[in-house]
>>> print(open('entry.cif').read())   # mmCIF, C-alpha atoms
data_start
#
loop_
_atom_site.group_PDB
_atom_site.id
_atom_site.type_symbol
_atom_site.label_atom_id
_atom_site.label_comp_id
_atom_site.auth_asym_id
_atom_site.auth_seq_id
_atom_site.Cartn_x
_atom_site.Cartn_y
_atom_site.Cartn_z
ATOM 1 C CA MET A 1 -12.130 1.838 18.975
ATOM 2 C CA LYS A 2 -12.201 1.015 15.234
ATOM 3 C CA VAL A 3 -14.566 3.927 14.590
ATOM 4 C CA GLU A 4 -12.289 6.285 16.520
ATOM 5 C CA SER A 5 -9.277 5.004 14.578
ATOM 6 C CA LEU A 6 -11.093 5.484 11.262
ATOM 7 C CA ASN A 7 -12.154 9.010 12.218
ATOM 8 C CA LYS A 8 -8.590 9.858 13.205
ATOM 9 C CA LYS A 9 -7.310 8.536 9.886
ATOM 10 C CA ASN A 10 -9.881 10.575 7.971
ATOM 11 C CA ILE A 11 -8.898 13.734 9.864
ATOM 12 C CA GLN A 12 -5.206 13.108 9.173
ATOM 13 C CA GLN A 13 -5.914 12.526 5.481
ATOM 14 C CA GLU A 14 -8.008 15.686 5.246
ATOM 15 C CA THR A 15 -5.226 17.661 6.934
ATOM 16 C CA GLU A 16 -2.640 16.314 4.498
ATOM 17 C CA ASN A 17 -4.893 17.078 1.531
ATOM 18 C CA ASN A 18 -5.338 20.658 2.732
ATOM 19 C CA ILE A 19 -1.580 21.136 3.116
ATOM 20 C CA ILE A 20 -0.897 19.682 -0.335
ATOM 21 C CA SER A 21 -3.457 22.108 -1.762
ATOM 22 C CA GLU A 22 -1.746 24.970 0.093
ATOM 23 C CA ILE A 23 1.636 23.964 -1.345
ATOM 24 C CA ARG A 24 0.150 23.858 -4.844
ATOM 25 C CA ASP A 25 -1.416 27.306 -4.394
ATOM 26 C CA TYR A 26 1.864 28.700 -3.070
ATOM 27 C CA ILE A 27 3.783 27.357 -6.073
ATOM 28 C CA ASN A 28 1.274 28.955 -8.431
ATOM 29 C CA PHE A 29 1.131 32.255 -6.510
ATOM 30 C CA LYS A 30 4.927 32.581 -6.545
ATOM 31 C CA ASN A 31 5.221 31.376 -10.149
ATOM 32 C CA LEU A 32 7.871 28.876 -9.127
ATOM 33 C CA GLU A 33 9.716 27.028 -11.874
ATOM 34 C CA PRO A 34 11.125 23.477 -12.023
ATOM 35 C CA GLY A 35 14.197 23.314 -9.793
ATOM 36 C CA ASP A 36 13.167 26.294 -7.644
ATOM 37 C CA LYS A 37 13.561 25.939 -3.908
ATOM 38 C CA LEU A 38 10.634 26.050 -1.496
ATOM 39 C CA PRO A 39 10.857 28.030 1.744
ATOM 40 C CA SER A 40 11.942 26.204 4.883
ATOM 41 C CA GLU A 41 9.560 23.910 6.757
ATOM 42 C CA ARG A 42 9.363 26.460 9.548
ATOM 43 C CA MET A 43 8.335 29.251 7.184
ATOM 44 C CA LEU A 44 5.767 27.108 5.362
ATOM 45 C CA SER A 45 4.254 25.718 8.572
ATOM 46 C CA ASP A 46 3.871 29.279 9.875
ATOM 47 C CA ARG A 47 2.368 30.462 6.589
ATOM 48 C CA PHE A 48 -0.140 27.597 6.411
ATOM 49 C CA GLY A 49 -0.850 27.510 10.151
ATOM 50 C CA VAL A 50 -0.018 23.799 10.492
ATOM 51 C CA SER A 51 2.443 21.742 12.510
ATOM 52 C CA ARG A 52 5.834 20.956 11.023
ATOM 53 C CA ASN A 53 5.131 17.236 11.380
ATOM 54 C CA ASN A 54 1.978 17.508 9.285
ATOM 55 C CA LEU A 55 3.775 19.650 6.731
ATOM 56 C CA ARG A 56 6.625 17.151 6.535
ATOM 57 C CA GLU A 57 4.204 14.294 5.841
ATOM 58 C CA ALA A 58 2.593 16.242 2.993
ATOM 59 C CA ILE A 59 6.000 17.038 1.508
ATOM 60 C CA GLN A 60 6.996 13.378 1.762
ATOM 61 C CA THR A 61 3.852 12.400 -0.144
ATOM 62 C CA LEU A 62 4.677 14.838 -2.940
ATOM 63 C CA GLU A 63 8.269 13.597 -2.954
ATOM 64 C CA PHE A 64 7.048 9.998 -3.223
ATOM 65 C CA TYR A 65 5.153 10.911 -6.395
ATOM 66 C CA GLY A 66 8.191 12.697 -7.806
ATOM 67 C CA LEU A 67 6.851 16.251 -7.605
ATOM 68 C CA LEU A 68 9.284 17.509 -4.987
ATOM 69 C CA LYS A 69 12.886 16.615 -4.220
ATOM 70 C CA CYS A 70 14.262 16.881 -0.692
ATOM 71 C CA VAL A 71 18.022 17.403 -0.529
ATOM 72 C CA PRO A 72 19.613 16.822 2.914
ATOM 73 C CA GLN A 73 21.214 19.925 4.413
ATOM 74 C CA SER A 74 19.909 21.960 1.472
ATOM 75 C CA GLY A 75 16.118 22.058 1.278
ATOM 76 C CA THR A 76 13.105 21.070 -0.792
ATOM 77 C CA TYR A 77 12.994 21.739 -4.532
ATOM 78 C CA LEU A 78 10.414 21.450 -7.282
ATOM 79 C CA ALA A 79 11.122 18.468 -9.492
ATOM 80 C CA ASN A 80 11.962 18.924 -13.143
ATOM 81 C CA ILE A 81 8.329 19.036 -14.231
ATOM 82 C CA GLY A 82 6.232 21.836 -15.688
ATOM 83 C CA VAL A 83 3.743 23.690 -13.495
ATOM 84 C CA VAL A 84 0.745 22.623 -15.598
ATOM 85 C CA ALA A 85 1.698 18.962 -15.275
ATOM 86 C CA LEU A 86 2.464 19.446 -11.593
ATOM 87 C CA ASN A 87 -0.997 20.904 -10.948
ATOM 88 C CA GLY A 88 -2.632 18.032 -12.799
ATOM 89 C CA MET A 89 -0.658 15.416 -10.889
ATOM 90 C CA ILE A 90 -1.447 17.007 -7.532
ATOM 91 C CA SER A 91 -5.157 16.926 -8.414
ATOM 92 C CA ASP A 92 -4.778 13.231 -9.231
ATOM 93 C CA ILE A 93 -2.977 12.598 -5.928
ATOM 94 C CA LEU A 94 -5.756 14.298 -3.981
ATOM 95 C CA SER A 95 -8.383 12.189 -5.729
ATOM 96 C CA LEU A 96 -6.427 8.990 -5.055
ATOM 97 C CA ASN A 97 -6.685 9.416 -1.303
ATOM 98 C CA ASP A 98 -10.159 7.835 -1.265
ATOM 99 C CA PRO A 99 -9.848 5.029 -3.833
ATOM 100 C CA ASP A 100 -12.655 2.725 -4.897
ATOM 101 C CA PHE A 101 -12.190 -0.330 -2.666
ATOM 102 C CA LYS A 102 -13.423 -2.844 -5.212
ATOM 103 C CA SER A 103 -10.937 -1.522 -7.779
ATOM 104 C CA LEU A 104 -8.129 -1.937 -5.255
ATOM 105 C CA VAL A 105 -9.160 -5.530 -4.566
ATOM 106 C CA GLU A 106 -9.327 -6.333 -8.276
ATOM 107 C CA THR A 107 -5.880 -4.815 -8.794
ATOM 108 C CA ARG A 108 -4.520 -6.878 -5.928
ATOM 109 C CA ILE A 109 -5.854 -10.096 -7.472
ATOM 110 C CA LEU A 110 -4.192 -9.326 -10.803
ATOM 111 C CA LEU A 111 -0.902 -8.357 -9.167
ATOM 112 C CA GLU A 112 -0.608 -11.269 -6.776
ATOM 113 C CA LEU A 113 -1.451 -13.949 -9.321
ATOM 114 C CA LYS A 114 1.541 -12.621 -11.245
ATOM 115 C CA THR A 115 3.902 -12.024 -8.323
ATOM 116 C CA VAL A 116 3.338 -15.497 -6.883
ATOM 117 C CA ARG A 117 4.305 -17.093 -10.214
ATOM 118 C CA LEU A 118 7.428 -14.962 -10.470
ATOM 119 C CA ALA A 119 8.320 -15.638 -6.838
ATOM 120 C CA SER A 120 8.160 -19.374 -7.553
ATOM 121 C CA LEU A 121 10.725 -18.931 -10.306
ATOM 122 C CA ARG A 122 12.995 -16.304 -8.731
ATOM 123 C CA ARG A 123 12.858 -16.655 -4.950
ATOM 124 C CA THR A 124 16.066 -17.045 -2.984
ATOM 125 C CA GLU A 125 16.540 -19.143 0.138
ATOM 126 C CA GLU A 126 16.653 -15.957 2.208
ATOM 127 C CA GLN A 127 13.367 -14.739 0.730
ATOM 128 C CA LEU A 128 11.815 -18.156 1.299
ATOM 129 C CA GLN A 129 12.817 -17.918 4.949
ATOM 130 C CA GLN A 130 11.154 -14.504 5.228
ATOM 131 C CA MET A 131 7.907 -16.023 3.930
ATOM 132 C CA LYS A 132 8.228 -18.899 6.380
ATOM 133 C CA ASP A 133 8.815 -16.560 9.318
ATOM 134 C CA ALA A 134 5.748 -14.492 8.393
ATOM 135 C CA LEU A 135 3.690 -17.657 7.922
ATOM 136 C CA GLU A 136 4.685 -19.022 11.343
ATOM 137 C CA ALA A 137 3.895 -15.704 13.014
ATOM 138 C CA TYR A 138 0.513 -15.609 11.255
ATOM 139 C CA THR A 139 -0.282 -19.194 12.264
ATOM 140 C CA GLU A 140 0.574 -18.563 15.900
ATOM 141 C CA LYS A 141 -1.709 -15.563 16.172
ATOM 142 C CA ALA A 142 -4.561 -17.070 14.146
ATOM 143 C CA LEU A 143 -4.653 -20.192 16.321
ATOM 144 C CA LYS A 144 -4.890 -18.001 19.405
ATOM 145 C CA GLY A 145 -7.754 -16.070 17.904
ATOM 146 C CA GLU A 146 -5.675 -12.905 17.812
ATOM 147 C CA ASP A 147 -5.632 -10.287 15.054
ATOM 148 C CA ALA A 148 -3.132 -11.531 12.457
ATOM 149 C CA VAL A 149 -3.634 -8.797 9.853
ATOM 150 C CA GLN A 150 -0.058 -7.534 10.039
ATOM 151 C CA GLU A 151 1.379 -11.030 9.719
ATOM 152 C CA ASP A 152 -0.909 -11.723 6.768
ATOM 153 C CA LEU A 153 0.348 -8.522 5.167
ATOM 154 C CA LEU A 154 4.004 -9.436 5.738
ATOM 155 C CA PHE A 155 3.525 -12.845 4.125
ATOM 156 C CA HIS A 156 2.041 -11.397 0.945
ATOM 157 C CA LEU A 157 4.606 -8.600 0.778
ATOM 158 C CA ALA A 158 7.401 -11.166 1.141
ATOM 159 C CA ILE A 159 6.026 -12.937 -1.926
ATOM 160 C CA ALA A 160 5.895 -9.665 -3.863
ATOM 161 C CA LYS A 161 9.501 -8.917 -2.937
ATOM 162 C CA ALA A 162 10.591 -12.394 -4.038
ATOM 163 C CA SER A 163 9.028 -11.780 -7.465
ATOM 164 C CA GLY A 164 12.083 -9.706 -8.340
ATOM 165 C CA ASN A 165 9.915 -7.049 -9.995
ATOM 166 C CA SER A 166 10.448 -3.772 -8.155
ATOM 167 C CA THR A 167 7.490 -2.043 -9.822
ATOM 168 C CA MET A 168 4.967 -4.681 -8.828
ATOM 169 C CA ASN A 169 6.515 -4.810 -5.375
ATOM 170 C CA THR A 170 6.016 -1.046 -5.021
ATOM 171 C CA PHE A 171 2.382 -1.302 -6.124
ATOM 172 C CA MET A 172 1.823 -4.024 -3.545
ATOM 173 C CA LEU A 173 3.362 -1.876 -0.822
ATOM 174 C CA ILE A 174 0.965 0.919 -1.737
ATOM 175 C CA ILE A 175 -2.335 -0.927 -2.062
ATOM 176 C CA THR A 176 -2.137 -4.030 0.150
ATOM 177 C CA PRO A 177 -2.166 -2.352 3.592
ATOM 178 C CA GLU A 178 -5.242 -0.317 2.609
ATOM 179 C CA ILE A 179 -7.041 -3.434 1.402
ATOM 180 C CA ILE A 180 -6.248 -5.760 4.301
ATOM 181 C CA THR A 181 -7.047 -3.219 6.990
ATOM 182 C CA ASN A 182 -10.464 -2.566 5.395
ATOM 183 C CA PHE A 183 -11.563 -6.194 4.916
ATOM 184 C CA ALA A 184 -13.853 -6.061 7.953
ATOM 185 C CA LYS A 185 -15.300 -2.695 7.001
ATOM 186 C CA TYR A 186 -16.410 -3.976 3.589
ATOM 187 C CA HIS A 187 -17.337 -7.484 4.838
ATOM 188 C CA VAL A 188 -15.046 -9.136 2.307
ATOM 189 C CA CYS A 189 -13.897 -12.220 4.217
ATOM 190 C CA ASP A 190 -15.644 -14.951 6.168
ATOM 191 C CA GLU A 191 -15.448 -14.888 9.947
ATOM 192 C CA ASN A 192 -13.273 -18.017 9.978
ATOM 193 C CA GLN A 193 -10.970 -16.719 7.244
ATOM 194 C CA ALA A 194 -8.006 -16.413 9.607
ATOM 195 C CA ILE A 195 -8.078 -20.150 10.393
ATOM 196 C CA LEU A 196 -8.693 -21.100 6.761
ATOM 197 C CA GLY A 197 -5.794 -18.841 5.823
ATOM 198 C CA ILE A 198 -3.314 -21.022 7.711
ATOM 199 C CA GLU A 199 -3.611 -23.986 5.356
ATOM 200 C CA GLU A 200 -4.041 -21.740 2.330
ATOM 201 C CA HIS A 201 -0.845 -19.842 3.134
ATOM 202 C CA LYS A 202 0.981 -23.111 3.730
ATOM 203 C CA ALA A 203 -0.115 -24.404 0.307
ATOM 204 C CA ILE A 204 1.100 -21.208 -1.377
ATOM 205 C CA TYR A 205 4.397 -21.380 0.483
ATOM 206 C CA GLN A 206 4.880 -25.045 -0.463
ATOM 207 C CA ALA A 207 4.354 -24.307 -4.151
ATOM 208 C CA ILE A 208 6.872 -21.450 -4.026
ATOM 209 C CA GLU A 209 9.365 -23.648 -2.156
ATOM 210 C CA ASN A 210 8.930 -26.332 -4.843
ATOM 211 C CA MET A 211 9.404 -23.673 -7.540
ATOM 212 C CA ASP A 212 6.095 -24.651 -9.160
ATOM 213 C CA PRO A 213 4.626 -21.438 -10.661
ATOM 214 C CA GLN A 214 1.421 -23.017 -11.974
ATOM 215 C CA GLU A 215 0.590 -24.626 -8.624
ATOM 216 C CA ALA A 216 1.435 -21.399 -6.822
ATOM 217 C CA LYS A 217 -1.012 -19.495 -9.014
ATOM 218 C CA VAL A 218 -3.741 -22.091 -8.422
ATOM 219 C CA LYS A 219 -3.272 -21.975 -4.646
ATOM 220 C CA MET A 220 -3.245 -18.177 -4.585
ATOM 221 C CA LYS A 221 -6.434 -18.093 -6.643
ATOM 222 C CA LEU A 222 -8.110 -20.446 -4.161
ATOM 223 C CA HIS A 223 -6.890 -18.233 -1.319
ATOM 224 C CA PHE A 224 -8.590 -15.312 -3.053
ATOM 225 C CA ARG A 225 -11.985 -17.016 -3.460
ATOM 226 C CA SER A 226 -13.664 -14.526 -1.102
ATOM 227 C CA LEU A 227 -12.107 -11.658 -3.080
ATOM 228 C CA TYR A 228 -13.403 -13.143 -6.343
ATOM 229 C CA LYS A 229 -16.877 -13.416 -4.840
ATOM 230 C CA TYR A 230 -16.674 -9.799 -3.644
ATOM 231 C CA CYS A 231 -15.470 -8.447 -7.006
ATOM 232 C CA TYR A 232 -17.209 -10.716 -9.508
ATOM 233 C CA ASN A 233 -19.938 -12.464 -7.465
ATOM 234 C CA VAL A 234 -18.643 -15.903 -8.486
ATOM 235 C CA ASP A 235 -17.620 -18.911 -6.385
ATOM 236 C CA LEU A 236 -14.389 -20.699 -7.209
#
>>> encode(input="entry.cif", output="structure tokens")
Amino acid sequence: MKVESLNKKNIQQETENNIISEIRDYINFKNLEPGDKLPSERMLSDRFGVSRNNLREAIQTLEFYGLLKCVPQSGTYLANIGVVALNGMISDILSLNDPDFKSLVETRILLELKTVRLASLRRTEEQLQQMKDALEAYTEKALKGEDAVQEDLLFHLAIAKASGNSTMNTFMLIITPEIITNFAKYHVCDENQAILGIEEHKAIYQAIENMDPQEAKVKMKLHFRSLYKYCYNVDL
């Protein structure tokens, strides 16, 4: 099932990459300028021979990176960026679709050691409750031996949100799902990591609740010991 899911994901990514390339070629062929409007989704899907859903996903990706702007009831427009820069950025986007996993893990370590400190200083009671809810959901599934990846993800994203830094929170939203869902593929974590994670998550939560940034950083670093071993081949 995991192999089938991975193959499906790869096919979807390849399809999106092809559509993004088609959009880039169309912009160049038509000599479109910043602010120019693209044809309708129907016209583009017919031209490229793809479904409107797949086209829409590609457009949303380009909008996320600020290259296109979708205006409700109006259409899709090129952002205020030169064509040369646009072509370069699209090439970068296409190359980002298969990132180096170890680089992602290293980036996550750096980000979360910072976000957990900030969360300890800035968290609100509401944000603390969100962490607690995610932690309880994770604990329940882990004790039953069920897959708790999503709950693990929600706990760490709740911490990032509580950091109060929207940029770091956005980075976490981008890279964390890709990392967590590929732990098994790259043999990053121990088999009993889910059970170990219960107490580790509790220790992180307690430090944030106590508004102790140094302790929070220490507990997060301990939680990441398997990531440190994977990236740097060192034991904490």
>>> closest_residue(input="entry.cif", among="A:Cys70, A:Leu38, A:Ala158, A:Ile19", to="Leu94 in chain A", atoms="only C-alpha atoms")
A:Ile19
>>> closest_residue(input="entry.cif", among="A:Pro177, A:Gly35, A:Gly49, A:Pro213", to="Arg108 in chain A", atoms="all atoms listed in the file")
A:Pro177
>>> closest_residue(input="entry.cif", among="A:Val83, A:Val105, A:Ile208, A:Gln127", to="Phe29 in chain A", atoms="all atoms listed in the file")
A:Val83
>>> resolve_selection(input="entry.cif", expression="the PyMOL selection byres ((chain A and resi 139-156) around 7)", output="ChimeraX atom specification")
/A:131,134-138,157-160,177,180,194-195,198
>>> closest_residue(input="entry.cif", among="A:Gln193, A:Glu112, A:Asn233, A:Ile174", to="Ala216 in chain A", atoms="all atoms listed in the file")
A:Glu112
>>> atom_distance(input="entry.cif", atom1="CA of Leu86 in chain A", atom2="CA of Asp36 in chain A")
13.3 Å
>>> atom_distance(input="entry.cif", atom1="CA of Ser163 in chain A", atom2="CA of Asp212 in chain A")
13.3 Å
>>> atom_distance(input="entry.cif", atom1="CA of Cys231 in chain A", atom2="CA of Asp100 in chain A")
11.7 Å
>>> closest_residue(input="entry.cif", among="A:Thr15, A:Gly66, A:Tyr77, A:Met168", to="Pro39 in chain A", atoms="only C-alpha atoms")
A:Tyr77
>>> closest_residue(input="entry.cif", among="A:Tyr26, A:Tyr205, A:Tyr65, A:Tyr232", to="Lys132 in chain A", atoms="only C-alpha atoms")
A:Tyr205
>>> closest_atom_pairs(input="entry.cif", of="range 57-153 of chain A", to="range 218-230 of chain A", cutoff="9 Å", atoms="all atoms listed in the file", output="JSON lines")
{"residue": "A:Lys102", "atom": "CA", "partner": "A:Tyr230", "partner_atom": "CA", "distance": 7.8}
{"residue": "A:Val105", "atom": "CA", "partner": "A:Leu227", "partner_atom": "CA", "distance": 7.0}
{"residue": "A:Glu106", "atom": "CA", "partner": "A:Leu227", "partner_atom": "CA", "distance": 7.9}
{"residue": "A:Ile109", "atom": "CA", "partner": "A:Phe224", "partner_atom": "CA", "distance": 7.4}
{"residue": "A:Glu112", "atom": "CA", "partner": "A:Met220", "partner_atom": "CA", "distance": 7.7}
{"residue": "A:Leu113", "atom": "CA", "partner": "A:Met220", "partner_atom": "CA", "distance": 6.6}
{"residue": "A:Val116", "atom": "CA", "partner": "A:Met220", "partner_atom": "CA", "distance": 7.5}
>>> residues_around(input="entry.cif", residues="Ala79 in chain A", least_positions_apart="2", cutoff="6 Å", atoms="all atoms listed in the file", output="JSON, numbers by chain")
{"A": [34, 35, 67, 68, 69, 81]}
>>> axis_aligned_box(input="entry.cif", around="range 129-145 of chain A", padding_each_side="6 Å", output="JSON")
{"center_x": 2.5, "center_y": -17.3, "center_z": 11.7, "size_x": 32.6, "size_y": 17.7, "size_z": 27.5}
>>> resolve_selection(input="entry.cif", expression="the PyMOL selection byres ((chain A and resi 211) around 9)", output="PyMOL selection string")
chain A and resi 117+119-123+206-210+212-213+215-216
>>> residues_around(input="entry.cif", residues="Val50 in chain A", least_positions_apart="3", cutoff="10 Å", atoms="only C-alpha atoms", output="JSON, numbers by chain")
{"A": [15, 16, 18, 19, 42, 44, 45, 46, 47, 53, 54, 55]}
>>> residues_around(input="entry.cif", residues="Arg56 in chain A", least_positions_apart="5", cutoff="9 Å", atoms="all atoms listed in the file", output="number ranges by chain")
A: 41, 51, 61
>>> write_last_selection(input="entry.cif", atoms="C-alpha atoms", output="tab-separated table (two decimals), in the frame of the given file")
chain	number	residue	atom	x	y	z
A	41	GLU	CA	9.56	23.91	6.76
A	51	SER	CA	2.44	21.74	12.51
A	61	THR	CA	3.85	12.40	-0.14
